[in-house]
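> Sharing query_2.txt (compact mmCIF, C-alpha atoms) below.
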# COMPACT_ATOMS: atom_id res chain seq x y z
CA MET A 1 20.21 -17.37 -1.18
CA TYR A 2 17.10 -16.61 0.80
CA SER A 3 14.32 -14.02 0.89
CA HIS A 4 11.57 -13.22 3.38
CA ILE A 5 8.46 -11.23 3.94
CA ILE A 6 8.73 -9.57 7.34
CA GLY A 7 5.86 -8.27 9.44
CA TYR A 8 3.98 -8.84 12.68
CA PRO A 9 1.68 -10.64 12.71
CA LEU A 10 1.68 -12.47 9.37
CA ASN A 11 -1.39 -14.23 7.97
CA LYS A 12 -0.46 -16.44 4.99
CA PRO A 13 0.95 -13.61 2.82
CA ARG A 14 0.58 -14.01 -0.97
CA SER A 15 4.18 -12.88 -1.51
CA VAL A 16 5.61 -16.24 -0.45
CA LYS A 17 3.84 -18.15 -3.24
CA ILE A 18 4.33 -15.45 -5.88
CA TRP A 19 8.04 -15.00 -5.17
CA SER A 20 8.66 -18.75 -4.95
CA GLN A 21 7.02 -19.33 -8.34
CA PHE A 22 9.05 -16.49 -9.84
CA PHE A 23 12.36 -17.82 -8.53
CA LYS A 24 11.55 -21.27 -9.88
CA LYS A 25 10.58 -19.87 -13.30
CA LYS A 26 13.74 -17.77 -13.55
CA LYS A 27 15.88 -20.63 -12.19
CA ILE A 28 17.06 -18.52 -9.28
CA LYS A 29 18.20 -20.60 -6.34
CA CYS A 30 16.48 -18.67 -3.59
CA LYS A 31 14.16 -19.80 -0.82
CA MET A 32 11.24 -17.49 0.07
CA SER A 33 9.50 -17.66 3.44
CA ALA A 34 7.44 -15.63 5.89
CA LYS A 35 9.31 -14.33 8.92
CA GLU A 36 7.42 -12.85 11.83
CA VAL A 37 9.57 -10.24 13.50
CA TYR A 38 8.81 -8.85 16.93
CA PRO A 39 8.95 -5.03 16.66
CA LYS A 40 11.77 -4.82 19.20
CA LYS A 41 13.85 -7.17 17.04
CA LEU A 42 13.50 -5.20 13.78
CA SER A 43 16.85 -3.40 14.03
CA TYR A 44 18.68 -6.66 14.78
CA VAL A 45 17.03 -8.49 11.87
CA LEU A 46 17.82 -5.75 9.34
CA LYS A 47 21.44 -5.56 10.46
CA LYS A 48 21.66 -9.32 10.02
CA PHE A 49 20.23 -9.02 6.48
CA LYS A 50 22.82 -6.37 5.63
CA LEU A 51 25.74 -8.50 6.78
CA ASP A 52 24.53 -11.84 5.42
CA LYS A 53 25.93 -12.57 1.95
CA ASN A 54 23.10 -15.06 1.34
CA PHE A 55 20.32 -12.52 1.87
CA LEU A 56 18.69 -11.41 -1.40
CA ALA A 57 15.54 -9.40 -0.63
CA SER A 58 12.56 -8.98 1.64
CA ALA A 59 9.01 -7.83 1.26
CA VAL A 60 7.94 -5.60 4.16
CA THR A 61 4.44 -5.43 5.57
CA MET A 62 2.74 -3.88 8.59
CA PRO A 63 3.79 -2.54 11.02
CA PHE A 64 7.27 -1.97 9.57
CA LYS A 65 6.79 0.00 6.34
CA SER A 66 7.68 3.36 7.85
CA LYS A 67 10.01 1.95 10.51
CA VAL A 68 12.51 0.43 8.06
CA VAL A 69 13.14 3.78 6.35
CA LYS A 70 15.98 4.73 8.68
CA TYR A 71 17.83 1.47 7.91
CA VAL A 72 17.84 1.69 4.09
CA LYS A 73 18.83 3.92 1.21
CA PHE A 74 15.93 4.96 -1.02
CA GLY A 75 16.05 3.11 -4.32
CA ASP A 76 14.04 5.64 -6.36
CA LYS A 77 11.98 8.85 -6.19
CA ILE A 78 8.70 7.06 -5.44
CA SER A 79 10.15 5.49 -2.31
CA MET A 80 11.70 8.81 -1.30
CA TYR A 81 8.43 10.72 -1.78
CA SER A 82 6.43 8.07 0.07
CA ASN A 83 8.86 7.82 3.00
CA SER A 84 7.60 4.25 3.33
CA ILE A 85 9.16 0.96 2.25
CA ASN A 86 7.63 -2.40 1.34
CA LEU A 87 10.61 -3.93 -0.47
CA ILE A 88 14.23 -4.23 0.63
CA ILE A 89 16.95 -5.62 -1.61
CA LYS A 90 20.62 -6.25 -0.94
CA LYS A 91 22.93 -4.35 -3.31
CA LYS A 92 26.60 -4.93 -2.53
CA LYS A 93 26.84 -3.73 1.08
CA LEU A 94 23.69 -1.61 1.01
CA LEU A 95 20.02 -2.24 1.73
CA LEU A 96 17.96 -0.45 -0.91
CA GLY A 97 14.32 0.37 -0.15
CA PHE A 98 11.41 0.67 -2.59
CA ASN A 99 7.67 1.27 -2.34
CA THR A 100 5.99 -0.94 -4.90
CA ASP A 101 2.62 -0.55 -3.11
CA VAL A 102 2.37 3.01 -4.41
CA MET A 103 3.50 1.87 -7.87
CA GLY A 104 0.64 -0.63 -7.81
CA ALA A 105 -1.81 2.06 -6.73
CA LEU A 106 -0.67 4.39 -9.51
CA ASP A 107 -1.15 1.63 -12.08
CA SER A 108 -4.60 0.72 -10.73
CA ILE A 109 -6.04 4.23 -11.17
CA LYS A 110 -4.16 5.39 -14.26
CA ASN A 111 -7.33 5.50 -16.38
CA VAL A 112 -9.73 7.22 -13.96
CA LYS A 113 -10.46 10.89 -13.32
CA LYS A 114 -8.47 12.30 -10.41
CA LYS A 115 -9.43 15.96 -10.08
CA ASN A 116 -10.91 15.56 -6.58
CA ILE A 117 -9.65 12.62 -4.53
CA MET A 118 -10.81 11.45 -1.12
CA ILE A 119 -8.50 9.19 0.89
CA PHE A 120 -10.19 7.35 3.73
CA GLY A 121 -7.71 6.23 6.37
CA ILE A 122 -4.34 7.90 6.87
CA GLY A 123 -2.30 5.07 8.31
CA GLY A 124 1.01 4.00 6.82
CA THR A 125 -0.27 3.16 3.34
CA GLY A 126 -2.65 6.12 3.17
CA LYS A 127 0.14 8.53 4.07
CA ALA A 128 2.51 7.01 1.52
CA ILE A 129 -0.08 7.25 -1.26
CA LEU A 130 -0.97 10.84 -0.40
CA ARG A 131 2.67 11.96 -0.26
CA VAL A 132 3.35 10.53 -3.72
CA PHE A 133 0.05 11.68 -5.25
CA LEU A 134 0.72 15.25 -4.10
CA LYS A 135 4.00 15.14 -6.03
CA ILE A 136 2.64 13.47 -9.17
CA TYR A 137 -0.92 14.78 -9.55
CA LYS A 138 -0.21 18.50 -9.47
CA ASN A 139 -3.77 19.47 -10.46
CA SER A 140 -5.59 17.21 -7.99
CA ASN A 141 -7.25 18.29 -4.75
CA PHE A 142 -7.45 15.96 -1.76
CA ILE A 143 -9.81 15.33 1.13
CA ILE A 144 -8.42 13.05 3.81
CA VAL A 145 -10.73 11.39 6.32
CA SER A 146 -9.20 9.93 9.45
CA SER A 147 -9.53 10.12 13.21
CA ARG A 148 -5.73 10.24 13.38
CA ASN A 149 -3.65 13.39 13.62
CA HIS A 150 -3.58 15.26 10.30
CA ARG A 151 -0.73 17.61 11.24
CA GLU A 152 1.56 16.52 8.42
CA PHE A 153 -0.96 17.46 5.72
CA SER A 154 -3.39 19.95 7.28
CA SER A 155 -1.41 23.01 6.18
CA HIS A 156 -1.10 21.88 2.56
CA LYS A 157 -3.13 24.13 0.25
CA ARG A 158 -4.50 21.19 -1.79
CA VAL A 159 -5.48 19.07 1.20
CA VAL A 160 -8.60 19.34 3.35
CA ALA A 161 -8.47 17.24 6.52
CA ARG A 162 -11.63 15.80 8.09
CA LYS A 163 -12.29 13.57 11.07
CA LYS A 164 -15.51 12.22 9.55
CA LEU A 165 -17.38 12.04 6.26
CA PHE A 166 -19.45 14.98 5.04
CA ILE A 167 -22.06 14.68 2.28
CA GLU A 168 -20.90 17.91 0.62
CA ASP A 169 -17.42 16.41 0.23
CA ILE A 170 -18.76 13.12 -1.12
CA LYS A 171 -20.81 14.90 -3.79
CA LYS A 172 -17.78 16.44 -5.47
CA ILE A 173 -15.19 13.65 -5.44
CA ASP A 174 -14.07 11.81 -8.57
CA LEU A 175 -12.07 9.13 -6.80
CA PHE A 176 -12.56 7.54 -3.38
CA ILE A 177 -9.64 5.49 -2.02
CA ASN A 178 -10.16 3.19 0.93
CA CYS A 179 -6.86 2.89 2.79
CA SER A 180 -8.51 1.62 5.96
CA PRO A 181 -8.90 -2.06 6.96
CA LEU A 182 -12.71 -1.80 6.86
CA GLY A 183 -14.05 -4.68 4.78
CA SER A 184 -10.91 -6.78 5.14
CA ASP A 185 -10.48 -10.08 6.93
CA LEU A 186 -7.57 -8.83 9.04
CA LYS A 187 -9.94 -8.96 12.00
CA LYS A 188 -13.45 -10.35 12.31
CA LYS A 189 -14.80 -6.94 13.31
CA PHE A 190 -13.71 -5.45 9.95
CA VAL A 191 -15.23 -7.97 7.51
CA ASN A 192 -18.82 -6.76 7.50
CA LYS A 193 -17.97 -3.07 7.62
CA SER A 194 -17.61 -0.48 4.88
CA PRO A 195 -15.98 2.96 4.81
CA LEU A 196 -18.98 4.22 2.82
CA SER A 197 -22.59 3.50 3.73
CA MET A 198 -25.29 2.94 1.13
CA ASN A 199 -26.46 6.48 1.82
CA ASN A 200 -22.93 7.85 1.28
CA ILE A 201 -22.58 6.05 -2.05
CA SER A 202 -25.92 7.39 -3.25
CA TYR A 203 -24.40 10.89 -3.24
CA LEU A 204 -21.39 9.97 -5.40
CA LYS A 205 -21.31 11.20 -8.98
CA LYS A 206 -22.14 8.43 -11.47
CA SER A 207 -18.74 9.03 -13.04
CA ALA A 208 -16.90 8.51 -9.73
CA THR A 209 -14.60 5.58 -9.03
CA ILE A 210 -14.04 3.68 -5.80
CA PHE A 211 -10.57 2.21 -5.34
CA ASP A 212 -10.44 -0.21 -2.42
CA LEU A 213 -7.03 -1.39 -1.23
CA VAL A 214 -8.69 -4.42 0.39
CA TYR A 215 -8.28 -7.67 -1.58
CA LYS A 216 -9.17 -10.27 1.06
CA PRO A 217 -12.01 -11.16 0.87
CA LEU A 218 -12.37 -10.67 -2.89
CA VAL A 219 -15.94 -9.40 -2.51
CA THR A 220 -16.43 -6.79 0.20
CA LYS A 221 -19.46 -4.97 1.53
CA LEU A 222 -18.17 -1.80 -0.18
CA GLN A 223 -18.06 -3.61 -3.51
CA LYS A 224 -21.61 -4.93 -3.11
CA ASN A 225 -22.91 -1.47 -2.21
CA SER A 226 -21.07 0.10 -5.15
CA LYS A 227 -22.68 -2.38 -7.53
CA VAL A 228 -26.17 -1.34 -6.39
CA PHE A 229 -25.51 2.23 -7.56
CA LYS A 230 -23.44 1.17 -10.61
CA ILE A 231 -20.35 2.96 -9.34
CA LYS A 232 -17.05 1.76 -10.82
CA TYR A 233 -15.18 -0.27 -8.23
CA ILE A 234 -11.53 -1.38 -8.30
CA ASN A 235 -10.45 -3.80 -5.62
CA GLY A 236 -6.95 -4.14 -4.18
CA LEU A 237 -6.07 -7.43 -5.87
CA LYS A 238 -4.72 -5.69 -8.98
CA MET A 239 -2.62 -3.33 -6.87
CA ASN A 240 -1.28 -6.25 -4.83
CA THR A 241 -0.45 -8.25 -7.95
CA VAL A 242 1.17 -5.30 -9.75
CA GLN A 243 3.28 -4.39 -6.73
CA ALA A 244 4.49 -7.99 -6.40
CA ASN A 245 5.42 -8.15 -10.09
CA VAL A 246 7.22 -4.79 -9.91
CA ALA A 247 9.11 -5.97 -6.83
CA LEU A 248 10.28 -9.10 -8.63
CA LYS A 249 11.42 -7.07 -11.66
CA ILE A 250 13.47 -4.85 -9.34
CA ILE A 251 15.01 -7.91 -7.71
CA LEU A 252 15.84 -9.49 -11.08
CA LYS A 253 17.39 -6.24 -12.33
CA ASN A 254 19.66 -6.04 -9.31
CA ILE A 255 20.73 -9.69 -9.53
CA ASN A 256 21.90 -9.28 -13.13
Can the structure from this file be put into structure tokens for me?


Amino acid sequence: MYSHIIGYPLNKPRSVKIWSQFFKKKKIKCKMSAKEVYPKKLSYVLKKFKLDKNFLASAVTMPFKSKVVKYVKFGDKISMYSNSINLIIKKKKLLLGFNTDVMGALDSIKNVKKKNIMIFGIGGTGKAILRVFLKIYKNSNFIIVSSRNHREFSSHKRVVARKKLFIEDIKKIDLFINCSPLGSDLKKKFVNKSPLSMNNISYLKKSATIFDLVYKPLVTKLQKNSKVFKIKYINGLKMNTVQANVALKIILKNIN
């Protein structure tokens, strides 16, 4: 059997090591590797997975999380709500899709106040998180900040859409979620940037929490700035680890 992580481009994804160690521990004869897929080849690759009796599962990363939806059957309600997939498994003659990213996010913030939530960056992951949070956190209000089109959410009564940060919004939030690449090492131009400036953070409530989906590098500019004002900061490493562990549990369940 074999498994992959598919995406384009790929930069030494953690999934390869984590999955390989898991397969070895569970004595599952399955090779795990990274597979860069050109966007135009996505349909061909997924059809090949579906027909190949040796294919077990695949992690899915950018830019394919929303694109693979039309090729799979949703494996649970979280994946259906999110309309985004980061795990595909082979079940008989079907490809089942799951979103363990959102499961990891839910686990990461389970013990923090979520009355007023600001989501910075409404790309694929930001959209998936917001869709699920709207279903699960019925009493939460949301402010989304993104230069992208907000049409999908702008008419929702619990969502306020902004194209930039406003101090009055920052003052009232309980949870700030960075779903943008700012602070990450995906590109050199992102590493020394932060979605919140020092001035922005100074207006946060002392009880507020910052949840940053970035986990590479481990220490970001946002984390350093949060520490200055003693604001609770959660980085994306826990989310990434939880989602990987959940993915492997789903795989194991469907093998047995």

> Within 9 Å of range 16-29 of chain A, counting all atoms listed in the file, which residues qualify if same-chain residues fewer than 3 places away don't, as a PyMOL selection string?

chain A and resi 1-5+12-13+32-34+241+244-245+248+252

> Store the residues of this selection in a file with C-alpha atoms, as a short mmCIF file (atom, residue, chain, number, x, y, z; two decimals), in the coordinates of the input.


data_model
loop_
_atom_site.label_atom_id
_atom_site.label_comp_id
_atom_site.auth_asym_id
_atom_site.auth_seq_id
_atom_site.Cartn_x
_atom_site.Cartn_y
_atom_site.Cartn_z
CA MET A 1 20.21 -17.37 -1.18
CA TYR A 2 17.10 -16.61 0.80
CA SER A 3 14.32 -14.02 0.89
CA HIS A 4 11.57 -13.22 3.38
CA ILE A 5 8.46 -11.23 3.94
CA LYS A 12 -0.46 -16.44 4.99
CA PRO A 13 0.95 -13.61 2.82
CA MET A 32 11.24 -17.49 0.07
CA SER A 33 9.50 -17.66 3.44
CA ALA A 34 7.44 -15.63 5.89
CA THR A 241 -0.45 -8.25 -7.95
CA ALA A 244 4.49 -7.99 -6.40
CA ASN A 245 5.42 -8.15 -10.09
CA LEU A 248 10.28 -9.10 -8.63
CA LEU A 252 15.84 -9.49 -11.08
#

> Compile the contact shell of range 231-233 of chain A as an MDAnalysis selection string: residues with an atom at most 9 Å away, counting all atoms listed in the file, same-chain residues fewer than 3 positions apart removed.

chainID A and resid 201 204:212 222:223 225:228

> For a quick check of understanding, using all atoms listed in the file, which of A:Lys115, A:Lys216, A:Lys193, A:Lys67 has the smallest distance to Asp174 in chain A?

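Using all atoms listed in the file, Asp174 in chain A sits closest to A:Lys115.
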
> Could you list, as JSON, numbers by chain, every residue within 8 Å of Lys73 in chain A, counting only C-alpha atoms and ignoring same-chain residues fewer than 6 positions away?

{"A": [94, 95, 96, 97]}

> Limited to C-alpha atoms, could you put the picked residues into a file as a PDB file, keeping the file's coordinate frame?


ATOM      1  CA  LEU A  94      23.690  -1.610   1.010  1.00  0.00           C
ATOM      2  CA  LEU A  95      20.020  -2.240   1.730  1.00  0.00           C
ATOM      3  CA  LEU A  96      17.960  -0.450  -0.910  1.00  0.00           C
ATOM      4  CA  GLY A  97      14.320   0.370  -0.150  1.00  0.00           C
TER       5      GLY A  97
END

> State, in Å with one decimal place, the distance from CA of Ile255 in chain A to CA of Arg14 in chain A.

22.3 Å

> Quick one: residues within 12 Å of (-9.1, 9.4, -2.3) (file frame), counting only C-alpha atoms, please, as a PyMOL selection string.

chain A and resi 105+109+112-122+126-127+129-130+133-134+140-146+159-161+169-170+172-180+195+208-213

> Could you check how far CA of Ser194 in chain A sits from CA of His156 in chain A, in Å to one decimal?

27.9 Å

> Rounded to one decimal, what separation in Å do you get between CA of Leu182 in chain A and CA of Val214 in chain A?

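The value is 8.1 Å.
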
> May I have the protein, DNA and RNA residues with an atom at most 10 Å from (20.8, -5.0, -4.3), counting all atoms listed in the file in the file's coordinates, returned as a ChimeraX atom specification?

/A:55-57,75,88-97,250-256

> Near Met103 in chain A, within 8 Å and counting all atoms listed in the file, which residues show up once chain neighbours fewer than 5 positions away are dropped, as a short mmCIF file (atom, residue, chain, number, x, y, z; two decimals) with C-alpha atoms, in the coordinates of the input?


data_model
loop_
_atom_site.label_atom_id
_atom_site.label_comp_id
_atom_site.auth_asym_id
_atom_site.auth_seq_id
_atom_site.Cartn_x
_atom_site.Cartn_y
_atom_site.Cartn_z
CA ILE A 78 8.70 7.06 -5.44
CA VAL A 242 1.17 -5.30 -9.75
CA GLN A 243 3.28 -4.39 -6.73
CA VAL A 246 7.22 -4.79 -9.91
#

> Calculated over only C-alpha atoms, which of the candidates A:Asn192, A:Thr61, A:Ser43, A:Thr100 has the smallest distance to Ser79 in chain A?

A:Thr100

> Give the answer as one residue: which of A:Lys47, A:Lys77, A:Lys164, A:Lys249 has the shortest atom-to-atom distance to Ser147 in chain A, using only C-alpha atoms?

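The answer is A:Lys164, which sits nearest to Ser147 in chain A.
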
> Pick out the residues sitting within 9 Å of Asn83 in chain A, and hand them over as a ChimeraX atom specification; count only C-alpha atoms, and ignore anything fewer than 2 positions along from it in its own chain.

/A:65-66,69,74,78-81,85,99,127-128,131

> Select, from A:Leu196, A:Val219, A:Met239, A:Ala59, the residue with the minimum atom-to-atom distance to Phe98 in chain A, counting all atoms listed in the file.

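Between A:Leu196, A:Val219, A:Met239, A:Ala59, the residue approaching Phe98 in chain A most closely is A:Ala59.
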